[in-house]
Amino acid sequence: MEIKAPQKRISRRALTVWKLASMLHSIIIWVLGIGGVVAVNQFHWNKWLIGLILLIAILYSILFIIIIPNIRWKRWRYEVREQEIELQHGVFIIKRTLIPMVRVQHVDTIQGPLLRKYRLATIRISTAATVHHIPAIDMIEADRLRHSISALARVDEDDV
């Protein structure tokens, strides 16, 4: 029996948001790298350290601005069903999670400045034990999904 993976994808605009956030993180790496280059020159350490520092900064930028956001977007899937919510995500290790509707306590939408600029929201699903997130959903879809999950969770509670 083949188990179907969740089919719904998060917004493609998530790529832009994740890449911009990674660029901001990369700035910190580059500032530290430039500080390292200055220290190498100031204290007359081996010059090959300059190349190593720059190589690390370049590899970090390529990995976290270009490669990881693309893999992350391709792997992020979700599905909301009557009885459960299924999430699938990961970059190198794929994690699949089933959240029973009877366990859902409340559902929130969250927007930071970058998500708001790109009309996206993250859905936060809280259970008694954990909190799960579905990142970068189109704002209209996020509101619809929040109401839908909330209604399904209430129906399940009434049935129990």
# chains A, B, ... in the order shown; residues from 1 in each chain; ligands from 1
$ residues_around --residues "segment 7-18 of chain A" --least-positions-apart "3" --cutoff "12 Å" --atoms "only C-alpha atoms" --output "ChimeraX atom specification"
/A:3-4,21-25,64-81,85-89,111-123,133-142,145
$ write_last_selection --atoms "C-alpha atoms" --output "tab-separated table (two decimals), in the first residue's frame"
chain	number	residue	atom	x	y	z
A	3	ILE	CA	1.15	6.17	1.42
A	4	LYS	CA	0.43	9.46	-0.33
A	21	ALA	CA	16.14	36.60	5.46
A	22	SER	CA	19.22	34.57	4.51
A	23	MET	CA	20.80	37.64	2.93
A	24	LEU	CA	20.37	39.48	6.23
A	25	HIS	CA	22.02	36.57	8.06
A	64	PHE	CA	21.76	29.59	2.62
A	65	ILE	CA	20.63	32.10	-0.04
A	66	ILE	CA	20.36	29.86	-3.11
A	67	ILE	CA	20.41	26.13	-2.33
A	68	ILE	CA	18.59	25.59	0.97
A	69	PRO	CA	15.55	27.84	0.28
A	70	ASN	CA	14.89	25.98	-2.98
A	71	ILE	CA	15.12	22.55	-1.36
A	72	ARG	CA	13.07	23.71	1.61
A	73	TRP	CA	10.29	25.04	-0.65
A	74	LYS	CA	10.19	21.87	-2.73
A	75	ARG	CA	9.86	19.67	0.36
A	76	TRP	CA	7.31	21.73	2.30
A	77	ARG	CA	3.86	20.19	1.86
A	78	TYR	CA	0.72	20.10	3.96
A	79	GLU	CA	-2.77	18.67	3.85
A	80	VAL	CA	-5.77	19.46	6.05
A	81	ARG	CA	-8.25	16.62	6.30
A	85	ILE	CA	-3.44	17.72	9.53
A	86	GLU	CA	-0.40	16.28	7.77
A	87	LEU	CA	2.86	18.20	7.44
A	88	GLN	CA	5.97	17.27	5.46
A	89	HIS	CA	9.14	19.33	5.57
A	111	GLN	CA	3.10	37.81	10.15
A	112	GLY	CA	6.47	39.45	10.50
A	113	PRO	CA	7.51	42.45	8.39
A	114	LEU	CA	8.85	40.32	5.48
A	115	LEU	CA	5.81	38.06	5.39
A	116	ARG	CA	3.48	41.07	5.52
A	117	LYS	CA	5.31	42.76	2.63
A	118	TYR	CA	4.76	39.65	0.47
A	119	ARG	CA	1.15	39.08	1.67
A	120	LEU	CA	2.03	35.82	3.42
A	121	ALA	CA	1.38	34.41	6.88
A	122	THR	CA	2.54	31.48	8.97
A	123	ILE	CA	-0.11	29.28	10.53
A	133	HIS	CA	3.91	25.72	11.88
A	134	ILE	CA	2.93	25.93	8.23
A	135	PRO	CA	5.10	28.76	6.89
A	136	ALA	CA	4.49	31.27	4.12
A	137	ILE	CA	0.89	30.66	3.13
A	138	ASP	CA	-0.91	33.25	1.01
A	139	MET	CA	-2.73	35.57	3.45
A	140	ILE	CA	-6.23	34.79	2.13
A	141	GLU	CA	-5.53	31.05	2.17
A	142	ALA	CA	-4.05	31.33	5.69
A	145	LEU	CA	-7.23	27.57	6.63
$ residues_around --residues "segment 31-42 of chain A" --least-positions-apart "4" --cutoff "7 Å" --atoms "only C-alpha atoms" --output "ChimeraX atom specification"
/A:27,47,50,53-54,57
$ atom_distance --atom1 "atom CA of Val91 of chain A" --atom2 "atom CA of Ser148 of chain A"
28.4 Å
$ closest_residue --among "A:His44, A:Tyr60, A:Pro6, A:Gly90" --to "Ile28 of chain A" --atoms "only C-alpha atoms"
A:Tyr60
$ select_by_dssp --residues "chain A" --states "alpha helix (DSSP H)" --output "PyMOL selection string"
chain A and resi 13-42+48-61+68-75+113-117+139-159
$ closest_residue --among "A:Gln105, A:Asn46, A:Gln83, A:Ser26" --to "Ile58 of chain A" --atoms "only C-alpha atoms"
A:Ser26
$ atom_distance --atom1 "atom CA of Arg124 of chain A" --atom2 "atom CA of Leu63 of chain A"
27.1 Å
$ residues_around --residues "Arg154 of chain A" --least-positions-apart "4" --cutoff "12 Å" --atoms "only C-alpha atoms" --output "list of chain:residue names"
A:Glu82, A:Gln83, A:Met101, A:Val102, A:Arg103, A:Val104, A:Gln105, A:His106, A:Val107, A:His147, A:Ser148, A:Ile149, A:Ser150, A:Asp158, A:Asp159, A:Val160
